[in-house]
Amino acid sequence: MVNVLFWLLPLLHKMCPGHAWVASNLLMTGPKAYLIYAGSVQVGTQTGVEECKRQFAWDRWNCPDSAIQLKGLRRATRETSFVHAISAAGVMYTLTRNCSLGDLDNCGCDVSKNGKIGGSGWLWGGCSDNVDFGERISKHYVDSQETGQDSRATVNLHNNEAGRLAVKATMQRICRCHGMSESCSVQTCWTQLSDFMEIGNYLKIKHNQAQKLDIDKKRMRAGNSADKGGGILDAFGSIAQTELVYLEDSPDYCRRNSSMGLHGTEGRECVQHGEGLTQWERRSCRRLCHECGLGVEEKRIEVVSSCNCKFHWCCKVNCDNCSEVVVKHVCARREGPDGYGFRRRHRGPK
Ligand SMILES: *[C@@H]1O[C@H](CO)[C@@H](O)[C@H](O)[C@H]1NC(C)=O
Ligand SMILES: *[C@@H]1O[C@H](CO)[C@@H](O)[C@H](O)[C@H]1NC(C)=O
Ligand SMILES: *[C@@H]1O[C@H](CO)[C@@H](O)[C@H](O)[C@H]1NC(C)=O
């Protein structure tokens, strides 16, 4: 037991600063239960972060590690709203999967509706993913990280919830036919989680459509205690729970600013041509380099890989080393007073 707790403590500390909370939860749910969920929470957060990096690979802001640490999350921009939503979704997703796969002792498929009529020609049956379980546990762990009482905390909690709702919104109904010679006169159906990538796609659209909350600027500056009350809640107005919200405009992601944890786009790779690129990818050099006042530099990189492999009886494979030159495009400074071009056309956060 002692060993387990030693291993767990740094994680606990990271997830929930404030030992009082940890202690009370260990007592409440028992260390064993806590340990099982903690592992899934960590895997789930990682799943969310990886999807974030994938979704933003060709954006100026590319979900850098600095944005994921607590320091980066102290602001409430459009981008941090995505980080909150995708991590909350990742945790819920992993726990739900764990549950359906029988990884966890105390939960399994959701069979509560099985046998009931679902619609015309189909009945509930089979193993529906138990999202309610995943939602409940992830809410408990993820939302408890938000210890503040200010408008930022309210916004973060809203975005966590929007992430969890995305998991539900992207669920699919899967059906199987029954009846005489598979005539499909009766079907049984269950609901299951989509690929996590679908949740990422869904939330990326929500990120593009995110809404800025219009709260009293003076109150914001005055600090935390003043806007505890109705101010922030009024600002939500009629914004649905499924929508991402933010408080502050994004900084200029083109330029490096280490005190703000911004890397800038200098040195970033972009793609110009190639098979099967989306329009968003094909425009990456323009977006990351040109529109940020940088040029595009061609880099030739030698890549060594094995080739001419021959199989020798038995059982050996001998290969040669072949080197191949790969051309990559990278944003680089141009000549000029500050290395940035004069013709910076756009300073948006794209
Ligand atoms: C939950 O699922 C994740 C990812 O599939 C896995 O790494 C983890 O070990 C699972 N948790 C348990 C308790 O089996
Ligand atoms: C970095 O950002 C801060 C806050 O916006 C600003 O005061 C500072 O001048 C910036 N530094 C650079 C090098 O741009
Ligand atoms: C290929 O490269 C590897 C690592 O650089 C080296 O160990 C190996 O001996 C090389 N093989 C040949 C056939 O040159």
# chains A, B, ... in the order shown; residues from 1 in each chain; ligands from 1

call {"tool": "closest_atom_pairs", "arguments": {"of": "region 40-151 of chain A", "to": "region 236-251 of chain A", "cutoff": "10 Å", "atoms": "only C-alpha atoms", "output": "tab-separated table"}}
result
residue	atom	partner	partner_atom	distance
A:Trp61	CA	A:Ser250	CA	9.8
A:Arg75	CA	A:Glu248	CA	7.3
A:Ala76	CA	A:Tyr246	CA	5.4
A:Thr77	CA	A:Glu248	CA	5.0
A:Arg78	CA	A:Tyr246	CA	5.4
A:Glu79	CA	A:Ser250	CA	7.5
A:Thr80	CA	A:Tyr246	CA	8.1
A:Ser81	CA	A:Leu244	CA	6.2
A:Phe82	CA	A:Leu244	CA	7.4
A:His84	CA	A:Leu244	CA	9.6
A:Ala85	CA	A:Leu244	CA	7.9
A:Ser151	CA	A:Leu247	CA	8.5

call {"tool": "residues_around", "arguments": {"residues": "Glu135 (chain A)", "least_positions_apart": "4", "cutoff": "12 Å", "atoms": "only C-alpha atoms", "output": "mmCIF file with N, CA and C atoms, in the first residue's frame"}}
result
data_model
loop_
_atom_site.group_PDB
_atom_site.id
_atom_site.type_symbol
_atom_site.label_atom_id
_atom_site.label_comp_id
_atom_site.auth_asym_id
_atom_site.auth_seq_id
_atom_site.Cartn_x
_atom_site.Cartn_y
_atom_site.Cartn_z
ATOM 1 N N VAL A 41 -7.819 8.437 -15.738
ATOM 2 C CA VAL A 41 -7.856 9.894 -15.877
ATOM 3 C C VAL A 41 -6.589 10.374 -16.572
ATOM 4 N N ALA A 88 -11.428 17.109 -20.973
ATOM 5 C CA ALA A 88 -12.575 16.549 -20.244
ATOM 6 C C ALA A 88 -13.205 15.419 -21.057
ATOM 7 N N ALA A 89 -13.284 15.628 -22.385
ATOM 8 C CA ALA A 89 -13.852 14.602 -23.251
ATOM 9 C C ALA A 89 -12.980 13.346 -23.236
ATOM 10 N N GLY A 90 -11.671 13.529 -23.256
ATOM 11 C CA GLY A 90 -10.752 12.388 -23.248
ATOM 12 C C GLY A 90 -10.896 11.538 -22.003
ATOM 13 N N VAL A 91 -11.052 12.193 -20.874
ATOM 14 C CA VAL A 91 -11.196 11.462 -19.612
ATOM 15 C C VAL A 91 -12.520 10.696 -19.594
ATOM 16 N N MET A 92 -13.578 11.357 -20.010
ATOM 17 C CA MET A 92 -14.882 10.690 -20.044
ATOM 18 C C MET A 92 -14.854 9.508 -21.014
ATOM 19 N N TYR A 93 -14.219 9.718 -22.141
ATOM 20 C CA TYR A 93 -14.145 8.698 -23.183
ATOM 21 C C TYR A 93 -13.414 7.451 -22.676
ATOM 22 N N THR A 94 -12.250 7.678 -22.073
ATOM 23 C CA THR A 94 -11.438 6.553 -21.596
ATOM 24 C C THR A 94 -12.168 5.779 -20.506
ATOM 25 N N LEU A 95 -12.770 6.494 -19.577
ATOM 26 C CA LEU A 95 -13.499 5.811 -18.508
ATOM 27 C C LEU A 95 -14.675 5.008 -19.058
ATOM 28 N N THR A 96 -15.367 5.576 -20.043
ATOM 29 C CA THR A 96 -16.510 4.877 -20.633
ATOM 30 C C THR A 96 -16.057 3.606 -21.348
ATOM 31 N N ARG A 97 -14.956 3.746 -22.096
ATOM 32 C CA ARG A 97 -14.393 2.575 -22.777
ATOM 33 C C ARG A 97 -13.974 1.508 -21.776
ATOM 34 N N CYS A 99 -15.081 0.940 -18.989
ATOM 35 C CA CYS A 99 -16.273 0.356 -18.405
ATOM 36 C C CYS A 99 -16.849 -0.720 -19.324
ATOM 37 N N ASP A 129 -22.587 1.706 -24.616
ATOM 38 C CA ASP A 129 -21.520 2.300 -23.812
ATOM 39 C C ASP A 129 -22.119 3.102 -22.661
ATOM 40 N N ASN A 130 -21.518 2.914 -21.497
ATOM 41 C CA ASN A 130 -22.058 3.516 -20.271
ATOM 42 C C ASN A 130 -21.500 4.930 -20.094
ATOM 43 N N VAL A 131 -22.011 5.847 -20.904
ATOM 44 C CA VAL A 131 -21.475 7.217 -20.838
ATOM 45 C C VAL A 131 -21.827 7.924 -19.539
ATOM 46 N N LYS A 139 -16.400 14.086 -14.429
ATOM 47 C CA LYS A 139 -16.826 15.360 -13.855
ATOM 48 C C LYS A 139 -16.218 15.527 -12.463
ATOM 49 N N HIS A 140 -16.263 14.439 -11.711
ATOM 50 C CA HIS A 140 -15.730 14.464 -10.355
ATOM 51 C C HIS A 140 -14.241 14.828 -10.351
ATOM 52 N N TYR A 141 -13.467 14.168 -11.229
ATOM 53 C CA TYR A 141 -12.016 14.378 -11.201
ATOM 54 C C TYR A 141 -11.580 15.632 -11.940
ATOM 55 N N VAL A 142 -12.125 15.848 -13.111
ATOM 56 C CA VAL A 142 -11.636 16.965 -13.935
ATOM 57 C C VAL A 142 -12.128 18.303 -13.371
ATOM 58 N N ASP A 143 -13.398 18.375 -13.031
ATOM 59 C CA ASP A 143 -13.931 19.650 -12.564
ATOM 60 C C ASP A 143 -13.363 20.056 -11.209
ATOM 61 N N ASN A 160 -15.476 22.434 -19.933
ATOM 62 C CA ASN A 160 -15.353 21.010 -19.584
ATOM 63 C C ASN A 160 -16.656 20.290 -19.912
ATOM 64 N N GLU A 161 -17.745 20.925 -19.533
ATOM 65 C CA GLU A 161 -19.064 20.327 -19.755
ATOM 66 C C GLU A 161 -19.344 20.198 -21.262
ATOM 67 N N ALA A 162 -18.975 21.228 -22.016
ATOM 68 C CA ALA A 162 -19.178 21.184 -23.471
ATOM 69 C C ALA A 162 -18.392 20.018 -24.078
ATOM 70 N N GLY A 163 -17.216 19.746 -23.530
ATOM 71 C CA GLY A 163 -16.423 18.612 -24.000
ATOM 72 C C GLY A 163 -17.135 17.295 -23.722
ATOM 73 N N ARG A 164 -17.696 17.180 -22.543
ATOM 74 C CA ARG A 164 -18.399 15.931 -22.208
ATOM 75 C C ARG A 164 -19.651 15.770 -23.064
ATOM 76 N N LEU A 165 -20.315 16.876 -23.353
ATOM 77 C CA LEU A 165 -21.507 16.795 -24.205
ATOM 78 C C LEU A 165 -21.126 16.390 -25.629
ATOM 79 N N ALA A 166 -19.924 16.759 -26.050
ATOM 80 C CA ALA A 166 -19.463 16.369 -27.393
ATOM 81 C C ALA A 166 -19.331 14.853 -27.495
ATOM 82 N N VAL A 167 -18.908 14.226 -26.404
ATOM 83 C CA VAL A 167 -18.795 12.762 -26.406
ATOM 84 C C VAL A 167 -20.170 12.151 -26.653
ATOM 85 N N LYS A 168 -21.183 12.716 -25.996
ATOM 86 C CA LYS A 168 -22.548 12.194 -26.156
ATOM 87 C C LYS A 168 -23.092 12.501 -27.546
#

call {"tool": "residues_near_ligand", "arguments": {"ligand": "ligand 2", "cutoff": "6 Å", "atoms": "only C-alpha atoms and all ligand atoms", "output": "tab-separated table (two decimals) with N, CA and C atoms, in the first residue's frame"}}
result
chain	number	residue	atom	x	y	z
A	257	ASN	N	6.88	34.91	-27.72
A	257	ASN	CA	6.89	35.70	-26.49
A	257	ASN	C	7.01	34.72	-25.34
A	259	SER	N	7.67	35.00	-22.25
A	259	SER	CA	7.03	35.24	-20.96
A	259	SER	C	5.55	34.84	-20.98
A	260	MET	N	4.99	34.78	-22.19
A	260	MET	CA	3.61	34.32	-22.28
A	260	MET	C	3.53	32.86	-22.75

call {"tool": "atom_distance", "arguments": {"atom1": "CA of Arg256 (chain A)", "atom2": "CA of Gln69 (chain A)"}}
result
17.8 Å

call {"tool": "residues_near_ligand", "arguments": {"ligand": "ligand 1", "cutoff": "7 Å", "atoms": "only C-alpha atoms and all ligand atoms", "output": "compact mmCIF listing (two decimals) with C-alpha atoms, in the first residue's frame"}}
result
# COMPACT_ATOMS: atom_id res chain seq x y z
CA ILE A 36 -8.04 2.59 -10.75
CA TYR A 37 -9.69 5.79 -11.89
CA GLY A 39 -4.82 5.72 -14.18
CA SER A 40 -7.72 6.18 -16.58
CA VAL A 43 -4.59 8.13 -19.99
CA THR A 94 -11.44 6.55 -21.60
CA LEU A 95 -13.50 5.81 -18.51
CA ARG A 97 -14.39 2.57 -22.78
CA ASN A 98 -12.82 1.02 -19.70
CA ASP A 103 -11.69 -3.13 -17.06
CA LEU A 104 -13.45 -1.81 -13.98

call {"tool": "residues_near_ligand", "arguments": {"ligand": "ligand 3", "cutoff": "7 Å", "atoms": "only C-alpha atoms and all ligand atoms", "output": "list in words"}}
result
Cys319, Asp320 and Asn321 of chain A

call {"tool": "write_last_selection", "arguments": {"atoms": "N, CA and C atoms", "output": "compact mmCIF listing (two decimals), in the first residue's frame"}}
result
# COMPACT_ATOMS: atom_id res chain seq x y z
N CYS A 319 19.93 -5.90 -45.07
CA CYS A 319 19.50 -4.71 -45.82
C CYS A 319 20.66 -3.78 -46.04
N ASP A 320 20.55 -2.94 -47.05
CA ASP A 320 21.49 -1.83 -47.24
C ASP A 320 20.91 -0.60 -46.58
N ASN A 321 21.80 0.37 -46.39
CA ASN A 321 21.30 1.67 -45.94
C ASN A 321 21.20 2.57 -47.15

call {"tool": "closest_atom_pairs", "arguments": {"of": "region 129-177 of chain A", "to": "region 189-211 of chain A", "cutoff": "6 Å", "atoms": "only C-alpha atoms", "output": "JSON lines"}}
result
{"residue": "A:Asp129", "atom": "CA", "partner": "A:Gln192", "partner_atom": "CA", "distance": 5.2}
{"residue": "A:Met171", "atom": "CA", "partner": "A:Leu193", "partner_atom": "CA", "distance": 4.7}
{"residue": "A:Gln172", "atom": "CA", "partner": "A:Thr191", "partner_atom": "CA", "distance": 5.4}
{"residue": "A:Arg173", "atom": "CA", "partner": "A:Thr191", "partner_atom": "CA", "distance": 4.4}
{"residue": "A:Ile174", "atom": "CA", "partner": "A:Cys189", "partner_atom": "CA", "distance": 5.5}
{"residue": "A:Cys175", "atom": "CA", "partner": "A:Cys189", "partner_atom": "CA", "distance": 4.1}

call {"tool": "write_last_selection", "arguments": {"atoms": "C-alpha atoms", "output": "short mmCIF file (atom, residue, chain, number, x, y, z; two decimals), in the first residue's frame"}}
result
data_model
loop_
_atom_site.label_atom_id
_atom_site.label_comp_id
_atom_site.auth_asym_id
_atom_site.auth_seq_id
_atom_site.Cartn_x
_atom_site.Cartn_y
_atom_site.Cartn_z
CA ASP A 129 -21.52 2.30 -23.81
CA MET A 171 -22.34 8.69 -30.24
CA GLN A 172 -23.65 6.34 -32.88
CA ARG A 173 -26.46 3.85 -32.97
CA ILE A 174 -25.41 0.43 -34.18
CA CYS A 175 -28.05 -2.12 -35.13
#

call {"tool": "atom_distance", "arguments": {"atom1": "CA of Glu269 (chain A)", "atom2": "CA of His329 (chain A)"}}
result
5.6 Å

call {"tool": "atom_distance", "arguments": {"atom1": "CA of Glu302 (chain A)", "atom2": "CA of Gly267 (chain A)"}}
result
17.8 Å

call {"tool": "closest_residue", "arguments": {"among": "A:Gln187, A:Asn308, A:Ser144, A:Asn106", "to": "Gly126 (chain A)", "atoms": "only C-alpha atoms"}}
result
A:Gln187

call {"tool": "select_by_dssp", "arguments": {"residues": "region 225-345 of chain A", "states": "helix (DSSP H, G or I)", "output": "list of chain:residue names"}}
result
A:Ser225, A:Ala226, A:Asp227, A:Lys228, A:Gly230, A:Gly231, A:Ile232, A:Leu233, A:Asp234, A:Ala235, A:Phe236, A:Ser258, A:Ser259, A:Met260, A:Gln279, A:Trp280, A:Glu281, A:Arg282, A:Ser284, A:Cys285, A:Arg286, A:Arg287, A:Leu288, A:His290, A:Glu291, A:Cys292

call {"tool": "write_last_selection", "arguments": {"atoms": "C-alpha atoms", "output": "PDB file, in the first residue's frame"}}
result
ATOM      1  CA  SER A 225     -14.280  38.426  -5.654  1.00  0.00           C
ATOM      2  CA  ALA A 226     -16.267  41.113  -7.419  1.00  0.00           C
ATOM      3  CA  ASP A 227     -17.611  38.940 -10.196  1.00  0.00           C
ATOM      4  CA  LYS A 228     -18.520  35.954  -8.118  1.00  0.00           C
ATOM      5  CA  GLY A 230     -24.559  37.342 -11.123  1.00  0.00           C
ATOM      6  CA  GLY A 231     -22.260  39.175 -13.566  1.00  0.00           C
ATOM      7  CA  ILE A 232     -20.736  36.142 -15.199  1.00  0.00           C
ATOM      8  CA  LEU A 233     -23.948  34.182 -15.224  1.00  0.00           C
ATOM      9  CA  ASP A 234     -25.775  37.035 -16.949  1.00  0.00           C
ATOM     10  CA  ALA A 235     -23.062  37.069 -19.572  1.00  0.00           C
ATOM     11  CA  PHE A 236     -23.839  33.491 -20.566  1.00  0.00           C
ATOM     12  CA  SER A 258       8.465  33.444 -23.940  1.00  0.00           C
ATOM     13  CA  SER A 259       7.026  35.241 -20.955  1.00  0.00           C
ATOM     14  CA  MET A 260       3.608  34.316 -22.283  1.00  0.00           C
ATOM     15  CA  GLN A 279      -7.290  22.977 -48.462  1.00  0.00           C
ATOM     16  CA  TRP A 280      -6.444  23.909 -44.873  1.00  0.00           C
ATOM     17  CA  GLU A 281      -3.165  21.993 -45.157  1.00  0.00           C
ATOM     18  CA  ARG A 282      -2.313  23.368 -48.602  1.00  0.00           C
ATOM     19  CA  SER A 284      -0.429  26.194 -44.238  1.00  0.00           C
ATOM     20  CA  CYS A 285       2.638  27.993 -45.615  1.00  0.00           C
ATOM     21  CA  ARG A 286       0.606  31.087 -46.273  1.00  0.00           C
ATOM     22  CA  ARG A 287      -1.008  30.977 -42.848  1.00  0.00           C
ATOM     23  CA  LEU A 288       2.038  30.086 -40.770  1.00  0.00           C
ATOM     24  CA  HIS A 290       3.632  34.572 -45.168  1.00  0.00           C
ATOM     25  CA  GLU A 291       0.776  36.011 -43.152  1.00  0.00           C
ATOM     26  CA  CYS A 292       3.081  36.117 -40.130  1.00  0.00           C
TER      27      CYS A 292
END

call {"tool": "residues_around", "arguments": {"residues": "Val296 (chain A)", "least_positions_apart": "5", "cutoff": "7 Å", "atoms": "only C-alpha atoms", "output": "CSV table (one decimal) with C-alpha atoms, in the first residue's frame"}}
result
chain,number,residue,atom,x,y,z
A,289,CYS,CA,4.8,31.9,-42.7
A,329,HIS,CA,9.3,23.7,-46.0
A,330,VAL,CA,9.9,25.7,-42.9
A,331,CYS,CA,9.0,29.3,-41.9
A,332,ALA,CA,12.1,31.5,-41.6

call {"tool": "select_by_dssp", "arguments": {"residues": "region 36-176 of chain A", "states": "strand (DSSP E or B)", "output": "PyMOL selection string"}}
result
chain A and resi 110+117-119+122-124+128+172-176
